[in-house]
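model.cif follows; it contains mmCIF, C-alpha atoms.
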```cif
data_protein
loop_
_atom_site.group_PDB
_atom_site.id
_atom_site.type_symbol
_atom_site.label_atom_id
_atom_site.label_comp_id
_atom_site.auth_asym_id
_atom_site.auth_seq_id
_atom_site.Cartn_x
_atom_site.Cartn_y
_atom_site.Cartn_z
ATOM 1 C CA MET A 1 -28.615 -46.107 56.893
ATOM 2 C CA THR A 2 -32.331 -45.426 57.143
ATOM 3 C CA VAL A 3 -35.217 -46.570 54.995
ATOM 4 C CA THR A 4 -36.402 -44.109 52.351
ATOM 5 C CA GLU A 5 -39.896 -43.552 51.046
ATOM 6 C CA GLU A 6 -38.737 -44.639 47.581
ATOM 7 C CA GLU A 7 -37.698 -48.063 48.943
ATOM 8 C CA LEU A 8 -41.102 -48.506 50.586
ATOM 9 C CA ARG A 9 -42.878 -47.465 47.380
ATOM 10 C CA ASP A 10 -40.826 -50.045 45.472
ATOM 11 C CA LEU A 11 -41.645 -52.763 48.039
ATOM 12 C CA ASP A 12 -45.352 -51.879 47.927
ATOM 13 C CA ARG A 13 -45.351 -52.036 44.124
ATOM 14 C CA LYS A 14 -43.660 -55.456 44.171
ATOM 15 C CA VAL A 15 -46.123 -56.830 46.746
ATOM 16 C CA LYS A 16 -49.059 -55.648 44.615
ATOM 17 C CA GLN A 17 -47.524 -57.217 41.495
ATOM 18 C CA LEU A 18 -46.912 -60.442 43.406
ATOM 19 C CA ARG A 19 -50.575 -60.532 44.469
ATOM 20 C CA VAL A 20 -51.676 -60.119 40.835
ATOM 21 C CA ASP A 21 -49.241 -62.804 39.660
ATOM 22 C CA TYR A 22 -50.474 -65.292 42.264
ATOM 23 C CA GLU A 23 -54.103 -64.587 41.368
ATOM 24 C CA ARG A 24 -53.280 -65.238 37.709
ATOM 25 C CA TYR A 25 -51.411 -68.423 38.671
ATOM 26 C CA PHE A 26 -54.331 -69.721 40.733
ATOM 27 C CA LEU A 27 -56.779 -68.915 37.904
ATOM 28 C CA GLY A 28 -54.594 -70.834 35.491
ATOM 29 C CA THR A 29 -53.678 -67.917 33.203
ATOM 30 C CA ARG A 30 -50.057 -67.874 34.415
ATOM 31 C CA PRO A 31 -48.152 -71.135 33.806
ATOM 32 C CA ARG A 32 -45.734 -70.956 36.770
ATOM 33 C CA GLU A 33 -45.749 -69.743 40.334
ATOM 34 C CA PRO A 34 -43.991 -66.312 40.657
ATOM 35 C CA ILE A 35 -41.131 -67.673 42.782
ATOM 36 C CA LEU A 36 -38.489 -65.160 41.660
ATOM 37 C CA LEU A 37 -40.587 -62.118 42.531
ATOM 38 C CA ARG A 38 -41.583 -63.701 45.842
ATOM 39 C CA GLY A 39 -37.922 -64.313 46.709
ATOM 40 C CA ASP A 40 -37.099 -60.716 45.776
ATOM 41 C CA VAL A 41 -39.874 -59.404 48.053
ATOM 42 C CA GLU A 42 -38.744 -61.686 50.905
ATOM 43 C CA LYS A 43 -35.176 -60.432 50.548
ATOM 44 C CA GLN A 44 -36.278 -56.795 50.479
ATOM 45 C CA VAL A 45 -38.457 -57.263 53.590
ATOM 46 C CA VAL A 46 -35.513 -58.798 55.500
ATOM 47 C CA VAL A 47 -33.139 -56.019 54.434
ATOM 48 C CA LEU A 48 -35.590 -53.261 55.352
ATOM 49 C CA SER A 49 -36.458 -54.954 58.657
ATOM 50 C CA ASN A 50 -32.820 -54.742 59.710
ATOM 51 C CA GLN A 51 -32.620 -51.003 59.076
ATOM 52 C CA ALA A 52 -33.648 -48.257 61.436
ATOM 53 C CA ILE A 53 -36.855 -46.437 60.513
ATOM 54 C CA LEU A 54 -36.880 -43.194 62.489
ATOM 55 C CA ASN A 55 -39.815 -41.552 60.735
ATOM 56 C CA THR A 56 -43.058 -42.751 62.347
ATOM 57 C CA ALA A 57 -45.073 -42.458 59.125
ATOM 58 C CA LEU A 58 -42.523 -44.554 57.202
ATOM 59 C CA ARG A 59 -42.385 -47.137 60.000
ATOM 60 C CA PHE A 60 -46.189 -47.397 59.951
ATOM 61 C CA LYS A 61 -46.189 -47.756 56.161
ATOM 62 C CA PHE A 62 -43.522 -50.481 56.304
ATOM 63 C CA GLN A 63 -45.398 -52.384 59.011
ATOM 64 C CA SER A 64 -48.630 -52.131 56.981
ATOM 65 C CA ILE A 65 -46.935 -53.503 53.866
ATOM 66 C CA CYS A 66 -45.351 -56.334 55.873
ATOM 67 C CA ALA A 67 -48.654 -57.230 57.563
ATOM 68 C CA ARG A 68 -50.473 -57.300 54.214
ATOM 69 C CA TYR A 69 -47.694 -59.395 52.678
ATOM 70 C CA GLN A 70 -47.717 -61.886 55.585
ATOM 71 C CA ALA A 71 -51.502 -62.300 55.316
ATOM 72 C CA MET A 72 -51.285 -62.901 51.562
ATOM 73 C CA LYS A 73 -48.363 -65.291 52.056
ATOM 74 C CA ARG A 74 -50.420 -67.418 54.472
ATOM 75 C CA GLN A 75 -53.271 -67.514 51.968
ATOM 76 C CA TRP A 76 -50.959 -68.430 49.070
ATOM 77 C CA ASN A 77 -49.285 -71.193 51.095
ATOM 78 C CA ASP A 78 -52.700 -72.601 51.997
ATOM 79 C CA VAL A 79 -53.805 -72.656 48.343
ATOM 80 C CA LEU A 80 -50.474 -74.152 47.240
ATOM 81 C CA ARG A 81 -50.855 -76.901 49.852
ATOM 82 C CA ARG A 82 -54.397 -77.631 48.598
ATOM 83 C CA ILE A 83 -53.100 -77.772 45.005
ATOM 84 C CA GLU A 84 -50.440 -80.301 46.047
ATOM 85 C CA GLN A 85 -53.064 -82.397 47.841
ATOM 86 C CA GLY A 86 -55.374 -82.190 44.826
ATOM 87 C CA THR A 87 -58.189 -80.567 46.784
ATOM 88 C CA TYR A 88 -58.064 -77.066 45.265
ATOM 89 C CA GLN A 89 -61.506 -76.600 43.681
ATOM 90 C CA ARG A 90 -60.460 -74.694 40.559
ATOM 91 C CA HIS A 91 -57.727 -77.189 39.719
ATOM 92 C CA ARG A 92 -60.048 -80.145 40.325
ATOM 93 C CA PHE A 93 -62.606 -78.590 38.008
ATOM 94 C CA LYS A 94 -60.008 -78.006 35.281
ATOM 95 C CA ALA A 95 -58.669 -81.557 35.694
ATOM 96 C CA ASP A 96 -62.210 -82.929 35.275
ATOM 97 C CA LEU A 97 -62.707 -80.824 32.135
ATOM 98 C CA HIS A 98 -59.415 -82.039 30.635
ATOM 99 C CA ALA A 99 -60.347 -85.650 31.424
ATOM 100 C CA ARG A 100 -63.733 -85.219 29.715
ATOM 101 C CA GLU A 101 -62.076 -83.627 26.674
ATOM 102 C CA ARG A 102 -59.624 -86.538 26.465
ATOM 103 C CA ILE A 103 -62.484 -89.038 26.650
ATOM 104 C CA ASP A 104 -64.442 -87.110 23.997
ATOM 105 C CA GLY A 105 -61.321 -86.947 21.805
ATOM 106 C CA GLU A 106 -60.625 -90.673 22.111
ATOM 107 C CA GLY A 107 -64.243 -91.454 21.314
ATOM 108 C CA ALA A 108 -64.080 -89.305 18.171
ATOM 109 C CA GLU A 109 -60.989 -91.150 16.892
ATOM 110 C CA GLY A 110 -62.131 -94.705 17.455
ATOM 111 C CA MET A 111 -65.898 -94.662 17.594
ATOM 112 C CA GLU A 112 -68.652 -92.116 17.831
ATOM 113 C CA ALA A 113 -68.521 -90.261 21.153
ATOM 114 C CA PRO A 114 -71.813 -90.135 22.997
ATOM 115 C CA ALA A 115 -73.491 -86.785 22.397
ATOM 116 C CA ARG A 116 -74.205 -84.831 25.526
ATOM 117 C CA PRO A 117 -77.872 -83.842 25.693
ATOM 118 C CA ALA A 118 -79.108 -80.283 26.073
ATOM 119 C CA ALA A 119 -79.666 -78.770 29.512
ATOM 120 C CA GLY A 120 -83.392 -79.550 29.433
ATOM 121 C CA ASP A 121 -82.688 -83.234 28.795
ATOM 122 C CA ALA A 122 -79.882 -83.594 31.336
ATOM 123 C CA PRO A 123 -79.356 -81.511 34.450
ATOM 124 C CA ASP A 124 -75.624 -82.372 34.392
ATOM 125 C CA LEU A 125 -74.859 -79.646 31.794
ATOM 126 C CA TYR A 126 -76.606 -77.142 34.046
ATOM 127 C CA GLN A 127 -74.677 -78.439 37.076
ATOM 128 C CA GLU A 128 -71.352 -78.434 35.201
ATOM 129 C CA TYR A 129 -71.932 -74.864 34.008
ATOM 130 C CA ARG A 130 -73.020 -73.754 37.478
ATOM 131 C CA ASP A 131 -69.974 -75.399 39.109
ATOM 132 C CA ALA A 132 -67.656 -73.862 36.526
ATOM 133 C CA ARG A 133 -69.074 -70.380 37.103
ATOM 134 C CA MET A 134 -68.685 -70.803 40.864
ATOM 135 C CA ALA A 135 -65.109 -72.065 40.503
ATOM 136 C CA CYS A 136 -64.260 -69.049 38.334
ATOM 137 C CA GLY A 137 -65.862 -66.600 40.755
ATOM 138 C CA GLN A 138 -68.746 -65.729 38.437
ATOM 139 C CA GLY A 139 -72.247 -65.168 39.813
ATOM 140 C CA VAL A 140 -74.767 -68.019 39.783
ATOM 141 C CA GLU A 141 -77.630 -66.369 41.677
ATOM 142 C CA SER A 142 -79.754 -65.741 38.577
ATOM 143 C CA LEU A 143 -78.797 -68.973 36.774
ATOM 144 C CA THR A 144 -81.607 -71.526 36.561
ATOM 145 C CA PRO A 145 -82.108 -74.586 34.340
ATOM 146 C CA ALA A 146 -84.905 -72.730 32.510
ATOM 147 C CA LYS A 147 -82.678 -69.717 31.789
ATOM 148 C CA LEU A 148 -79.909 -72.010 30.573
ATOM 149 C CA ASP A 149 -82.397 -73.766 28.260
ATOM 150 C CA GLN A 150 -83.477 -70.387 26.860
ATOM 151 C CA LEU A 151 -79.835 -69.415 26.285
ATOM 152 C CA LEU A 152 -79.107 -72.720 24.541
ATOM 153 C CA GLU A 153 -82.182 -72.388 22.320
ATOM 154 C CA ARG A 154 -81.125 -68.868 21.271
ATOM 155 C CA GLU A 155 -77.620 -70.119 20.501
ATOM 156 C CA ARG A 156 -79.001 -73.120 18.585
ATOM 157 C CA ALA A 157 -81.228 -70.804 16.518
ATOM 158 C CA LYS A 158 -78.253 -68.570 15.652
ATOM 159 C CA LEU A 159 -76.118 -71.568 14.717
ATOM 160 C CA GLN A 160 -78.876 -73.176 12.622
ATOM 161 C CA GLU A 161 -79.383 -69.878 10.827
ATOM 162 C CA LYS A 162 -75.693 -69.882 9.994
ATOM 163 C CA PHE A 163 -75.237 -73.607 9.199
ATOM 164 C CA GLY A 164 -78.744 -74.603 8.105
ATOM 165 C CA ALA A 165 -81.862 -75.836 9.848
ATOM 166 C CA GLU A 166 -80.706 -79.462 9.607
ATOM 167 C CA ALA A 167 -77.546 -78.853 11.646
ATOM 168 C CA ARG A 168 -77.375 -80.240 15.195
ATOM 169 C CA PHE A 169 -75.111 -79.081 17.994
ATOM 170 C CA ARG A 170 -73.854 -80.376 21.309
ATOM 171 C CA PHE A 171 -72.923 -77.939 24.068
ATOM 172 C CA ARG A 172 -70.143 -78.372 26.596
ATOM 173 C CA VAL A 173 -68.615 -76.291 29.375
ATOM 174 C CA ALA A 174 -65.201 -74.699 28.815
ATOM 175 C CA VAL A 175 -63.064 -72.332 30.888
ATOM 176 C CA GLU A 176 -61.192 -69.631 28.985
ATOM 177 C CA ASN A 177 -59.269 -66.766 30.560
ATOM 178 C CA GLY A 178 -60.724 -67.587 33.967
ATOM 179 C CA ARG A 179 -64.353 -67.471 32.765
ATOM 180 C CA ALA A 180 -66.827 -70.318 32.275
ATOM 181 C CA LYS A 181 -68.393 -70.490 28.807
ATOM 182 C CA LEU A 182 -70.632 -72.785 26.820
ATOM 183 C CA LYS A 183 -69.114 -74.074 23.590
ATOM 184 C CA ALA A 184 -71.076 -75.593 20.728
ATOM 185 C CA THR A 185 -69.855 -78.534 18.662
ATOM 186 C CA ARG A 186 -71.571 -79.573 15.463
ATOM 187 C CA VAL A 187 -72.652 -83.219 15.701
ATOM 188 C CA GLY A 188 -74.432 -83.739 12.395
ATOM 189 C CA LYS A 189 -77.867 -83.247 10.917
ATOM 190 C CA ALA A 190 -81.192 -83.756 12.583
ATOM 191 C CA ALA A 191 -82.804 -87.145 12.034
ATOM 192 C CA ASP A 192 -85.636 -87.150 9.513
ATOM 193 C CA SER A 193 -89.026 -87.466 11.167
#
```
Show me this structure written as structure tokens.
Amino acid sequence: MTVTEEELRDLDRKVKQLRVDYERYFLGTRPREPILLRGDVEKQVVVLSNQAILNTALRFKFQSICARYQAMKRQWNDVLRRIEQGTYQRHRFKADLHARERIDGEGAEGMEAPARPAAGDAPDLYQEYRDARMACGQGVESLTPAKLDQLLERERAKLQEKFGAEARFRFRVAVENGRAKLKATRVGKAADS
């Protein structure tokens, strides 16, 4: 029995879907590793490897798909190993964010959580936002502390227009759908001067 073009098209489609699923898993938008699809692709590669491919074009296509799959598999295994070791940058960043949120949440229940200052007052918000954008694959070339301050002031003005001039807000970094964002939290009213 020889390999048909339809079988190669099916294998190629599965490899592309597997690549997308792994990218989603590594970004954190997919909860589990796509093990079933990976096993299916592995099985199909073994079966097709043991069949004669007489057509040169089909043989070339099969070898191309296998080479691409092997390269992606090495990359996935490397990232999975780094995740297990706790050195994968995106996972470390998300773990740090979850730890900060837990600390902020505990502080809100028991006592007042310390308010994080604006970017102009503390460079750590700028650094957190910059690190988050880098971890998510977003550009940081044009991001500067001054531009972040301008963005925060615009957002503060919009929020104060909506909630009143006395309202005060604290900004934090959040990752949603694989993108870094700044989130505002209302912390009370401005102190009387």
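Considering the residues A:Pro145, A:Pro34, A:Gly137, A:Gly178 and counting only C-alpha atoms, A:Leu18 has its shortest atom-to-atom contact with A:Pro34.
Of the listed residues A:Val187, A:Val15, A:Leu8, A:Leu48, the one whose atoms come nearest to A:Phe163 is A:Val187, with distances taken using all atoms listed in the file.
Interatomic distance, atom CA of A:Leu151 against atom CA of A:Val173: 13.5 Å.
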- What is the distance, in Å and to one decimal place, between atom CA of A:Leu36 and atom CA of A:Ser49? 19.9 Å
- Query: What residues come out when you apply the PyMOL selection byres ((chain A and resi 53) around 6) to this file, written as a ChimeraX atom specification?
  - Reply: /A:2-3,52,54-55,59
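Note that the spacing between atom CA of A:Gly139 and atom CA of A:Gln17 amounts to 26.0 Å.
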